[in-house]
Amino acid sequence: MEKTNGEVLYFLLSLLLSIFLFLPISECGRAQAMFIFGDSLIDNGNNNFIPTIAKANYLPYGIDYGFPTGRFCNGLTVTDYGAKLLGLPFPVPYLSLQSKTTEILQGVNYASAAAGILDATGRHYGGRISFNGQIALFEKTVTTQLPFLIPNLIKLSDYLSSSVFVINIGSNDYINNYLLPNLYSSSREYTADAFADLLISNFERQLKSLYMLGARKMLLVGIGPLGCIPSQLYQHNSTDGSCIEIVNNQVSLFNERLVPLLLRLNSTLQGSFFVYENIYDTFVDLVQKPASYGFKEKNQACCGSGKYGGQLSCLPLQVPCAERDGFIFWDSFHPTQAANKIVAERCYGPSATDCLPISGYMLAQL
């Protein structure tokens with residue numbers, strides 16, 4: 001499988017690095033909070049509180065966390081590990097009772113399973129909070145909740161500008177929209193290139209909305225190689241477990257457009273700093289060289305039904321695999337916490353290399 005984000009991507013981002021390399025790293029600018037937007041990859045419980053079939057509040061989800069929390073994983077997500085690496089607590093789910101307390105000063109998680117950049121994405125699951133909806137909830141946080149805790153508007157602005165904003169959205173716009181022609185018309189209305197353009201134009205507007213609400217340090221997560229997940233292997237009847245190239249090629253079109261968008265926003269939105277997490281190449285490496293990372297299974301879900309565990313995702317009280325740290329995929333769609341830990345360390349660690357032009361760790365220190 002070829003890597004789509006090659007030399008051109010790294011060259012473009014190196015231009016940003018040359019500009020920002022000597023920005024001072026000071027303790028006073030260190031992130032005080034993490035605000036999270038996205039889908040089931042980083043939802044930590046919001047969907048527990050809405051009418052939807054996209055839920056993970058039952059065992060065996062959370063089996064290695066100690067109990068089910070609503071995370072679509074056996075344990076921790078990438079942003080959980082990211083928060084730990086940055087010395088921050090886990091942000092509370094916006095729809096939980098905790099979000100009505102002073103705990104929101106340490107950050108809030110707005111992510112919702114089945115959510116997408118487009119409002120229509122994931123509608124067959126029932127309720128979900130689209131990215132637009134998540135931004136609307138953040139606006140409520142900024143305008144009605146945080147002013148009670150930080151009455152000084154200058155201090156509130158400083159607090160928001162020092163915080164890290166993680167945005168991981170877009171996967172569902174493919175697997176729960178464009179790649180489901182029987183349920184959605186998008187693949188008939190748009191070519192793959194045109195659909196990527198549609199997503200990016202909406203995404204740009206949404207990121208600018210976050211900026212207008214006070215976000216400055218934003219970490220944008222690219223879409224992973226969705227053609228490698230068990231559900232796609234099952235749907236495309238992969239005979240040997242190889243990734244579905246047509247799917248990976250389609251999602252790569254989004255990533256290819258995301259990097260120029262990042263460059264454009266960094267140059268036009270004063271005081272902003274956008275970082276790109278190249279999760280695509282990271283996951284390709286995991287799947288191509290699983291043994292190098294301690295994995296035994298590269299395409300089989302630890303908990304799922306059917307070939308590759310991709311026909312049905314993890315069901316209530318289903319018995320998962322015993323050696324969960326040996327699997328890349330937990331269920332039909334989501335990685336195990338072992339894979340999440342690797343991804344997080346390669347972006348949020350002090351010596352991380354997969355977030356560009358600087359690491360998530362450095363972003364938090366700016």
# chains A, B, ... in the order shown; residues from 1 in each chain; ligands from 1
$ select_by_dssp --residues "stretch 150-346 of chain A" --states "strand (DSSP E)" --output "list in words"
Val164, Phe165, Val166, Ile167, Asn168, Lys217, Met218, Leu219, Leu220, Val221, Phe273, Phe274, Val275, Tyr276, Glu277, Glu297, Lys298, Asn299, Gln300, Ala301, Gly304, Ser305, Leu312, Ser313, Phe327, Ile328 and Phe329 of chain A
$ residues_around --residues "stretch 147-161 of chain A" --least-positions-apart "6" --cutoff "8 Å" --atoms "only C-alpha atoms" --output "list in words"
Gln32, Thr102, Leu105, Gly214, Ala215, Arg216 and Lys217 of chain A
$ closest_residue --among "A:Leu263, A:Asn340, A:Met34, A:Ser305" --to "A:Leu356" --atoms "only C-alpha atoms"
A:Leu263
$ atom_distance --atom1 "atom CA of A:Asn44" --atom2 "atom CA of A:Ala136"
18.6 Å
$ residues_around --residues "A:Ser359" --least-positions-apart "3" --cutoff "8 Å" --atoms "only C-alpha atoms" --output "tab-separated table (two decimals) with all heavy atoms, in the first residue's frame"
chain	number	residue	atom	x	y	z
A	275	VAL	N	-2.09	22.00	13.86
A	275	VAL	CA	-1.17	20.87	13.73
A	275	VAL	C	-1.91	19.71	13.08
A	275	VAL	O	-3.10	19.49	13.34
A	275	VAL	CB	-0.63	20.45	15.12
A	275	VAL	CG1	0.07	19.09	15.06
A	275	VAL	CG2	0.32	21.51	15.66
A	347	CYS	N	2.24	11.16	18.65
A	347	CYS	CA	1.82	12.55	18.42
A	347	CYS	C	2.01	13.42	19.66
A	347	CYS	O	2.50	14.53	19.57
A	347	CYS	CB	0.36	12.61	17.98
A	347	CYS	SG	-0.24	14.30	17.74
A	348	TYR	N	1.62	12.89	20.82
A	348	TYR	CA	1.60	13.70	22.03
A	348	TYR	C	2.85	13.56	22.90
A	348	TYR	O	3.01	14.31	23.86
A	348	TYR	CB	0.38	13.34	22.89
A	348	TYR	CG	-0.95	13.67	22.25
A	348	TYR	CD1	-1.63	12.73	21.49
A	348	TYR	CD2	-1.53	14.93	22.40
A	348	TYR	CE1	-2.86	13.02	20.91
A	348	TYR	CE2	-2.75	15.24	21.82
A	348	TYR	CZ	-3.40	14.28	21.08
A	348	TYR	OH	-4.61	14.57	20.50
A	349	GLY	N	3.71	12.61	22.60
A	349	GLY	CA	4.92	12.45	23.39
A	349	GLY	C	5.93	13.54	23.09
A	349	GLY	O	5.90	14.17	22.03
A	350	PRO	N	6.87	13.79	24.02
A	350	PRO	CA	7.88	14.84	23.82
A	350	PRO	C	8.71	14.65	22.56
A	350	PRO	O	9.16	15.61	21.95
A	350	PRO	CB	8.74	14.73	25.08
A	350	PRO	CG	7.83	14.14	26.12
A	350	PRO	CD	6.96	13.17	25.37
A	351	SER	N	8.92	13.38	22.15
A	351	SER	CA	9.74	13.12	20.96
A	351	SER	C	8.89	12.60	19.80
A	351	SER	O	9.37	11.90	18.93
A	351	SER	CB	10.84	12.10	21.29
A	351	SER	OG	10.27	10.90	21.79
A	352	ALA	N	7.61	12.96	19.79
A	352	ALA	CA	6.68	12.47	18.77
A	352	ALA	C	7.07	12.95	17.38
A	352	ALA	O	7.64	14.03	17.22
A	352	ALA	CB	5.26	12.90	19.11
A	353	THR	N	6.76	12.14	16.39
A	353	THR	CA	7.12	12.46	15.00
A	353	THR	C	5.93	12.49	14.05
A	353	THR	O	6.08	12.94	12.91
A	353	THR	CB	8.13	11.42	14.46
A	353	THR	OG1	7.54	10.12	14.57
A	353	THR	CG2	9.42	11.46	15.27
A	354	ASP	N	4.77	12.02	14.47
A	354	ASP	CA	3.66	11.87	13.53
A	354	ASP	C	2.70	13.04	13.52
A	354	ASP	O	1.70	13.00	12.79
A	354	ASP	CB	2.90	10.57	13.83
A	354	ASP	CG	3.70	9.34	13.43
A	354	ASP	OD1	4.84	9.52	12.97
A	354	ASP	OD2	3.19	8.22	13.58
A	355	CYS	N	2.93	14.05	14.34
A	355	CYS	CA	2.16	15.28	14.27
A	355	CYS	C	3.06	16.37	13.70
A	355	CYS	O	4.21	16.52	14.14
A	355	CYS	CB	1.62	15.68	15.65
A	355	CYS	SG	0.07	14.86	16.06
A	356	LEU	N	2.56	17.10	12.73
A	356	LEU	CA	3.38	18.05	11.99
A	356	LEU	C	2.69	19.41	11.87
A	356	LEU	O	1.47	19.47	11.80
A	356	LEU	CB	3.64	17.50	10.58
A	356	LEU	CG	4.32	16.14	10.53
A	356	LEU	CD1	4.17	15.51	9.16
A	356	LEU	CD2	5.79	16.27	10.88
A	362	MET	N	4.42	19.78	21.98
A	362	MET	CA	4.92	21.14	21.78
A	362	MET	C	3.80	22.14	21.61
A	362	MET	O	3.87	23.27	22.10
A	362	MET	CB	5.86	21.17	20.56
A	362	MET	CG	7.18	20.45	20.76
A	362	MET	SD	8.25	20.59	19.30
A	362	MET	CE	8.59	22.36	19.31
A	363	LEU	N	2.73	21.73	20.94
A	363	LEU	CA	1.59	22.62	20.76
A	363	LEU	C	1.02	23.04	22.11
A	363	LEU	O	0.67	24.20	22.32
A	363	LEU	CB	0.51	21.91	19.94
A	363	LEU	CG	-0.78	22.70	19.67
A	363	LEU	CD1	-0.50	23.89	18.74
A	363	LEU	CD2	-1.86	21.80	19.07
$ residues_around --residues "A:Gly82" --least-positions-apart "3" --cutoff "9 Å" --atoms "only C-alpha atoms" --output "VMD selection string"
chain A and resid 77 to 79 85 to 88 341 344 to 345 347 to 349 360 to 361
$ residues_around --residues "A:Pro91" --least-positions-apart "2" --cutoff "6 Å" --atoms "only C-alpha atoms" --output "JSON, numbers by chain"
{"A": [107, 108, 109]}
$ write_last_selection --atoms "N, CA, C and O atoms" --output "tab-separated table (two decimals), in the first residue's frame"
chain	number	residue	atom	x	y	z
A	107	GLY	N	-11.41	21.03	30.73
A	107	GLY	CA	-11.72	20.61	29.37
A	107	GLY	C	-13.04	19.88	29.27
A	107	GLY	O	-13.60	19.42	30.27
A	108	VAL	N	-13.54	19.78	28.05
A	108	VAL	CA	-14.81	19.11	27.78
A	108	VAL	C	-14.67	18.28	26.51
A	108	VAL	O	-14.01	18.68	25.55
A	109	ASN	N	-15.31	17.13	26.52
A	109	ASN	CA	-15.35	16.27	25.33
A	109	ASN	C	-16.75	16.35	24.72
A	109	ASN	O	-17.73	16.01	25.37
$ closest_residue --among "A:Leu226, A:Ala196, A:Cys73, A:Leu286" --to "A:Asn248" --atoms "only C-alpha atoms"
A:Leu226
